[in-house]
Amino acid sequence: MAITVGSPEADELISDAKSLLQGYVGATVPFVRLCKIFKLEQNELRMAEIIELACNKKIRLMKHVYFYLDDEFGPILLKDGLIKHYLKFDELYHPVSNAIIENMDVEERVLIEFEVIG
Amino acid sequence: MTPLTLKTAKEKDLVPIFRSAISAEIDCYGDFVDIIRNVLKRVIKSMIRGRNHFQGLGEDQITYHIISHFDAYGFSSSHDKQIGGHVDVTIEFEDYLWYGEAKIHSSYITLQKGWAQLTTRYMTGMVDEDRGAFLIYNFNKDALSVTTNWREVMQEQYADITLGDVEDDLNFVCSGIHEGTGRPYIVDHYNIPLYFEPKDRSI
């Protein structure tokens, strides 16, 4: 169940998150690092709930950043729109070649991190 | 801790992240509908590959199987919701609403009844709730002929309907005008071939 935006719980979490993330504005932070910052290494569900709240369009404290884990080039940033296209049409374009990636397990190769907007 | 990927974000404790990723990519009703269509196509493909597991199941059980896939997406999916009667499927996200009507194929009269329920009883025809799907659970042989015949019935019975091309030999889109609002609506027809009668054991 998502934390309700505008609830006292959400307001308190956002206030705490802003404080914890103030040194990271503009940075792209992996999930593992966020768990450490929030001291939630043992509670991934809670961290995921806070991320969901922080990425909410009405809050915009963080946003998703995607990388494609390529065998040859390593992680490559996926430009805006590529994940939307994948979610709508099941086609992921390779960020370098622009060819549709035929890999059956393409979702295993899409890394999610979070840009702190502040 | 394994790296956070689109795949691991669908796992139980990380589902809020997957939900938020979906939510972030929905900017309009069309985005919402396209995601539903994509998920439906995946689910249907998987159902056909595992059609042996659906033998003997009723309409409701099959429909529950389909809508359960939308939980991780942060959509509110319901079976038998009360909107002008009991709609088979509704999927909601914020102010967006999508409708589904499902029928086990037994006769074209049954399909016509389902079609009438979907388009004249349940769908409101309003903005951001004018899209849906008509799901035909087909346990008969030769699903292709059902698509052909059903299109003929629709052309004969519903003069205001425009049928799109058949995709994958079985599915098609159609558009019509909602009687109440006078606005256009669009419905995807999915003919799901679940016939399963292996002959190997009888040899």
# chains A, B, ... in the order shown; residues from 1 in each chain; ligands from 1
$ residues_around --residues "region 45-59 of chain A" --least-positions-apart "5" --cutoff "7 Å" --atoms "only C-alpha atoms" --output "NGL selection string"
(:A and (2-3 or 14 or 35 or 40)) or (:B and (13-14 or 16-17 or 20 or 24))
$ write_last_selection --atoms "N, CA and C atoms" --output "JSON list (two decimals), in the first residue's frame"
[["chain", "number", "residue", "atom", "x", "y", "z"],
["A", 2, "ALA", "N", 0.67, 2.11, -0.97],
["A", 2, "ALA", "CA", 1.51, 3.30, -1.08],
["A", 2, "ALA", "C", 1.22, 4.28, 0.07],
["A", 3, "ILE", "N", 2.24, 5.03, 0.46],
["A", 3, "ILE", "CA", 2.06, 6.07, 1.48],
["A", 3, "ILE", "C", 1.26, 7.21, 0.82],
["A", 14, "ILE", "N", 8.99, 13.06, 3.95],
["A", 14, "ILE", "CA", 9.58, 13.96, 2.94],
["A", 14, "ILE", "C", 10.53, 14.95, 3.61],
["A", 35, "CYS", "N", 19.68, 2.98, 0.79],
["A", 35, "CYS", "CA", 19.40, 2.19, 2.00],
["A", 35, "CYS", "C", 20.37, 2.57, 3.13],
["A", 40, "LEU", "N", 18.36, 1.94, 6.26],
["A", 40, "LEU", "CA", 17.28, 0.96, 6.07],
["A", 40, "LEU", "C", 17.81, -0.28, 5.34],
["B", 13, "ASP", "N", 9.14, -7.13, -2.05],
["B", 13, "ASP", "CA", 9.45, -5.96, -1.22],
["B", 13, "ASP", "C", 9.78, -4.71, -2.02],
["B", 14, "LEU", "N", 10.12, -4.89, -3.29],
["B", 14, "LEU", "CA", 10.54, -3.74, -4.10],
["B", 14, "LEU", "C", 9.44, -3.25, -5.04],
["B", 16, "PRO", "N", 6.94, -1.33, -4.64],
["B", 16, "PRO", "CA", 6.67, 0.13, -4.65],
["B", 16, "PRO", "C", 7.54, 0.88, -5.66],
["B", 17, "ILE", "N", 8.76, 0.39, -5.87],
["B", 17, "ILE", "CA", 9.65, 1.05, -6.85],
["B", 17, "ILE", "C", 9.13, 0.81, -8.26],
["B", 20, "SER", "N", 6.18, 2.98, -8.83],
["B", 20, "SER", "CA", 6.55, 4.38, -9.05],
["B", 20, "SER", "C", 7.14, 4.59, -10.43],
["B", 24, "ALA", "N", 5.48, 7.13, -13.07],
["B", 24, "ALA", "CA", 6.27, 8.23, -13.64],
["B", 24, "ALA", "C", 6.16, 8.30, -15.16]]
$ closest_atom_pairs --of "chain B" --to "chain A" --cutoff "9 Å" --atoms "only C-alpha atoms" --output "CSV"
residue,atom,partner,partner_atom,distance
B:Met1,CA,A:Val32,CA,7.4
B:Thr2,CA,A:Val32,CA,8.8
B:Pro3,CA,A:Leu111,CA,7.2
B:Leu4,CA,A:Ile112,CA,5.7
B:Thr5,CA,A:Leu111,CA,4.3
B:Leu6,CA,A:Glu107,CA,5.0
B:Lys7,CA,A:Glu107,CA,4.9
B:Thr8,CA,A:Glu108,CA,7.4
B:Ala9,CA,A:Ile112,CA,8.6
B:Lys12,CA,A:Leu45,CA,8.3
B:Asp13,CA,A:Leu45,CA,4.6
B:Leu14,CA,A:Ala48,CA,5.6
B:Val15,CA,A:Ala48,CA,7.5
B:Pro16,CA,A:Ala48,CA,5.5
B:Ile17,CA,A:Ala48,CA,5.5
B:Phe18,CA,A:Glu52,CA,8.4
B:Arg19,CA,A:Glu52,CA,7.4
B:Ser20,CA,A:Glu52,CA,5.1
B:Ala21,CA,A:His64,CA,6.9
B:Ile22,CA,A:Leu87,CA,7.9
B:Ser23,CA,A:Asn56,CA,7.8
B:Ala24,CA,A:Lys57,CA,6.9
B:Glu25,CA,A:Lys84,CA,5.6
B:Ile26,CA,A:Lys84,CA,8.1
B:Asp31,CA,A:Lys88,CA,7.1
B:Phe32,CA,A:Lys88,CA,8.5
B:Val33,CA,A:Lys88,CA,8.5
B:Asp34,CA,A:Lys88,CA,5.0
B:Ile35,CA,A:Lys88,CA,4.6
B:Ile36,CA,A:Lys88,CA,8.0
B:Arg37,CA,A:Lys88,CA,7.7
B:Asn38,CA,A:Lys88,CA,5.7
B:Val39,CA,A:Lys88,CA,8.4
B:Arg42,CA,A:Asp90,CA,9.0
B:Gly74,CA,A:Ala2,CA,8.8
$ atom_distance --atom1 "CA of Asp160 (chain B)" --atom2 "CA of Glu59 (chain B)"
28.7 Å
$ closest_residue --among "A:Leu82, A:Val5, A:Val96, A:Ile37" --to "Ser19 (chain A)" --atoms "only C-alpha atoms"
A:Ile37
$ select_by_dssp --residues "region 22-153 of chain B" --states "strand (DSSP E or B)" --output "VMD selection string"
chain B and resid 76 to 82 86 to 93 96 to 104 131 to 138
$ write_last_selection --atoms "N, CA and C atoms" --output "tab-separated table (two decimals), in the first residue's frame"
chain	number	residue	atom	x	y	z
B	76	SER	N	-5.50	-0.11	-9.91
B	76	SER	CA	-6.54	-0.73	-9.11
B	76	SER	C	-7.42	-1.56	-10.05
B	77	SER	N	-7.24	-2.87	-10.00
B	77	SER	CA	-8.03	-3.71	-10.90
B	77	SER	C	-9.11	-4.43	-10.11
B	78	SER	N	-10.29	-4.49	-10.70
B	78	SER	CA	-11.43	-5.10	-10.01
B	78	SER	C	-12.15	-6.04	-10.95
B	79	HIS	N	-12.76	-7.03	-10.33
B	79	HIS	CA	-13.62	-7.95	-11.06
B	79	HIS	C	-15.02	-7.77	-10.49
B	80	ASP	N	-15.99	-7.64	-11.37
B	80	ASP	CA	-17.39	-7.49	-10.95
B	80	ASP	C	-17.67	-6.19	-10.21
B	81	LYS	N	-17.02	-5.12	-10.60
B	81	LYS	CA	-17.30	-3.82	-9.97
B	81	LYS	C	-18.66	-3.31	-10.44
B	82	GLN	N	-19.32	-2.58	-9.56
B	82	GLN	CA	-20.66	-2.07	-9.87
B	82	GLN	C	-20.57	-0.74	-10.61
B	86	HIS	N	-22.65	-5.23	-13.15
B	86	HIS	CA	-21.36	-5.79	-12.73
B	86	HIS	C	-20.42	-5.91	-13.92
B	87	VAL	N	-19.47	-4.99	-14.00
B	87	VAL	CA	-18.48	-5.05	-15.08
B	87	VAL	C	-17.53	-6.20	-14.80
B	88	ASP	N	-17.16	-6.96	-15.84
B	88	ASP	CA	-16.23	-8.07	-15.63
B	88	ASP	C	-14.89	-7.57	-15.10
B	89	VAL	N	-14.33	-6.57	-15.76
B	89	VAL	CA	-13.02	-6.04	-15.35
B	89	VAL	C	-13.02	-4.52	-15.44
B	90	THR	N	-12.52	-3.89	-14.40
B	90	THR	CA	-12.19	-2.47	-14.52
B	90	THR	C	-10.76	-2.30	-14.02
B	91	ILE	N	-10.02	-1.43	-14.69
B	91	ILE	CA	-8.67	-1.10	-14.25
B	91	ILE	C	-8.61	0.42	-14.13
B	92	GLU	N	-8.18	0.87	-12.96
B	92	GLU	CA	-8.17	2.31	-12.69
B	92	GLU	C	-6.77	2.77	-12.31
B	93	PHE	N	-6.46	3.99	-12.72
B	93	PHE	CA	-5.23	4.65	-12.27
B	93	PHE	C	-5.54	6.14	-12.24
B	96	TYR	N	-8.15	7.74	-14.54
B	96	TYR	CA	-8.33	6.96	-15.76
B	96	TYR	C	-9.05	5.64	-15.45
B	97	LEU	N	-9.88	5.22	-16.40
B	97	LEU	CA	-10.64	3.99	-16.22
B	97	LEU	C	-10.68	3.22	-17.53
B	98	TRP	N	-10.49	1.92	-17.43
B	98	TRP	CA	-10.48	1.02	-18.59
B	98	TRP	C	-11.39	-0.16	-18.26
B	99	TYR	N	-12.12	-0.63	-19.27
B	99	TYR	CA	-13.11	-1.70	-19.04
B	99	TYR	C	-12.75	-2.97	-19.80
B	100	GLY	N	-13.09	-4.09	-19.22
B	100	GLY	CA	-12.96	-5.35	-19.94
B	100	GLY	C	-14.20	-6.20	-19.76
B	101	GLU	N	-14.59	-6.88	-20.82
B	101	GLU	CA	-15.71	-7.82	-20.74
B	101	GLU	C	-15.21	-9.15	-21.27
B	102	ALA	N	-15.46	-10.22	-20.53
B	102	ALA	CA	-14.94	-11.52	-20.92
B	102	ALA	C	-16.08	-12.51	-21.12
B	103	LYS	N	-15.95	-13.35	-22.13
B	103	LYS	CA	-16.95	-14.40	-22.39
B	103	LYS	C	-16.25	-15.67	-22.83
B	104	ILE	N	-16.66	-16.79	-22.24
B	104	ILE	CA	-16.26	-18.07	-22.82
B	104	ILE	C	-17.10	-18.25	-24.07
B	131	ARG	N	-11.91	3.47	-23.35
B	131	ARG	CA	-11.19	2.37	-23.97
B	131	ARG	C	-11.41	1.09	-23.17
B	132	GLY	N	-11.34	-0.05	-23.86
B	132	GLY	CA	-11.54	-1.32	-23.17
B	132	GLY	C	-11.16	-2.49	-24.04
B	133	ALA	N	-11.52	-3.67	-23.55
B	133	ALA	CA	-11.21	-4.89	-24.32
B	133	ALA	C	-12.35	-5.88	-24.18
B	134	PHE	N	-12.54	-6.66	-25.22
B	134	PHE	CA	-13.51	-7.75	-25.24
B	134	PHE	C	-12.71	-9.04	-25.35
B	135	LEU	N	-12.76	-9.83	-24.28
B	135	LEU	CA	-11.91	-11.03	-24.20
B	135	LEU	C	-12.76	-12.27	-24.48
B	136	ILE	N	-12.38	-13.02	-25.50
B	136	ILE	CA	-13.11	-14.25	-25.83
B	136	ILE	C	-12.24	-15.43	-25.42
B	137	TYR	N	-12.68	-16.16	-24.39
B	137	TYR	CA	-11.96	-17.36	-23.97
B	137	TYR	C	-12.45	-18.50	-24.85
B	138	ASN	N	-11.58	-18.98	-25.70
B	138	ASN	CA	-12.02	-19.89	-26.76
B	138	ASN	C	-11.52	-21.30	-26.51
$ select_by_dssp --residues "region 85-146 of chain B" --states "helix (DSSP H, G or I)" --output "compact mmCIF listing (two decimals) with N, CA and C atoms, in the first residue's frame"
# COMPACT_ATOMS: atom_id res chain seq x y z
N TYR B 108 -22.51 -17.10 -30.88
CA TYR B 108 -22.35 -15.68 -31.24
C TYR B 108 -23.40 -14.81 -30.55
N ILE B 109 -24.51 -15.42 -30.17
CA ILE B 109 -25.51 -14.67 -29.38
C ILE B 109 -24.91 -14.28 -28.03
N THR B 110 -24.17 -15.22 -27.43
CA THR B 110 -23.51 -14.93 -26.14
C THR B 110 -22.51 -13.80 -26.31
N LEU B 111 -21.75 -13.84 -27.40
CA LEU B 111 -20.78 -12.76 -27.63
C LEU B 111 -21.51 -11.43 -27.84
N GLN B 112 -22.62 -11.48 -28.58
CA GLN B 112 -23.38 -10.24 -28.82
C GLN B 112 -23.90 -9.66 -27.50
N LYS B 113 -24.33 -10.55 -26.62
CA LYS B 113 -24.83 -10.10 -25.31
C LYS B 113 -23.70 -9.42 -24.53
N GLY B 114 -22.53 -10.05 -24.54
CA GLY B 114 -21.37 -9.47 -23.85
C GLY B 114 -20.98 -8.13 -24.44
N TRP B 115 -21.01 -8.06 -25.75
CA TRP B 115 -20.66 -6.81 -26.44
C TRP B 115 -21.64 -5.70 -26.06
N ALA B 116 -22.92 -6.06 -26.02
CA ALA B 116 -23.95 -5.06 -25.66
C ALA B 116 -23.76 -4.61 -24.21
N GLN B 117 -23.41 -5.56 -23.34
CA GLN B 117 -23.17 -5.19 -21.93
C GLN B 117 -22.00 -4.20 -21.84
N LEU B 118 -20.94 -4.53 -22.52
CA LEU B 118 -19.74 -3.69 -22.44
C LEU B 118 -20.01 -2.29 -22.96
N THR B 119 -20.63 -2.21 -24.13
CA THR B 119 -20.70 -0.91 -24.81
C THR B 119 -21.94 -0.09 -24.45
N THR B 120 -23.02 -0.77 -24.01
CA THR B 120 -24.23 0.01 -23.72
C THR B 120 -24.60 0.03 -22.24
N ARG B 121 -24.03 -0.89 -21.46
CA ARG B 121 -24.35 -0.89 -20.03
C ARG B 121 -23.20 -0.34 -19.19
N TYR B 122 -21.98 -0.85 -19.44
CA TYR B 122 -20.87 -0.52 -18.55
C TYR B 122 -20.09 0.73 -18.97
N ALA B 143 -9.83 -21.40 -33.64
CA ALA B 143 -10.13 -20.04 -33.14
C ALA B 143 -10.20 -19.03 -34.27
N LEU B 144 -9.40 -19.25 -35.29
CA LEU B 144 -9.35 -18.29 -36.39
C LEU B 144 -10.74 -18.10 -37.01
N SER B 145 -11.48 -19.19 -37.16
CA SER B 145 -12.82 -19.08 -37.78
C SER B 145 -13.76 -18.29 -36.87
N VAL B 146 -13.51 -18.34 -35.55
CA VAL B 146 -14.36 -17.57 -34.63
C VAL B 146 -14.13 -16.07 -34.84
$ residues_around --residues "Asp71 (chain A)" --least-positions-apart "5" --cutoff "12 Å" --atoms "only C-alpha atoms" --output "ChimeraX atom specification"
/A:76,94,103,109
$ atom_distance --atom1 "CA of Lys141 (chain B)" --atom2 "CA of Gly58 (chain B)"
17.8 Å
$ closest_residue --among "A:Ala10, A:Leu61, A:Met104, A:Ala99" --to "Gln22 (chain A)" --atoms "only C-alpha atoms"
A:Leu61
$ closest_residue --among "B:Val127, B:Val153, B:Lys10, B:Gln55" --to "Cys28 (chain B)" --atoms "only C-alpha atoms"
B:Val127
$ atom_distance --atom1 "CA of Phe139 (chain B)" --atom2 "CA of Asp200 (chain B)"
19.1 Å
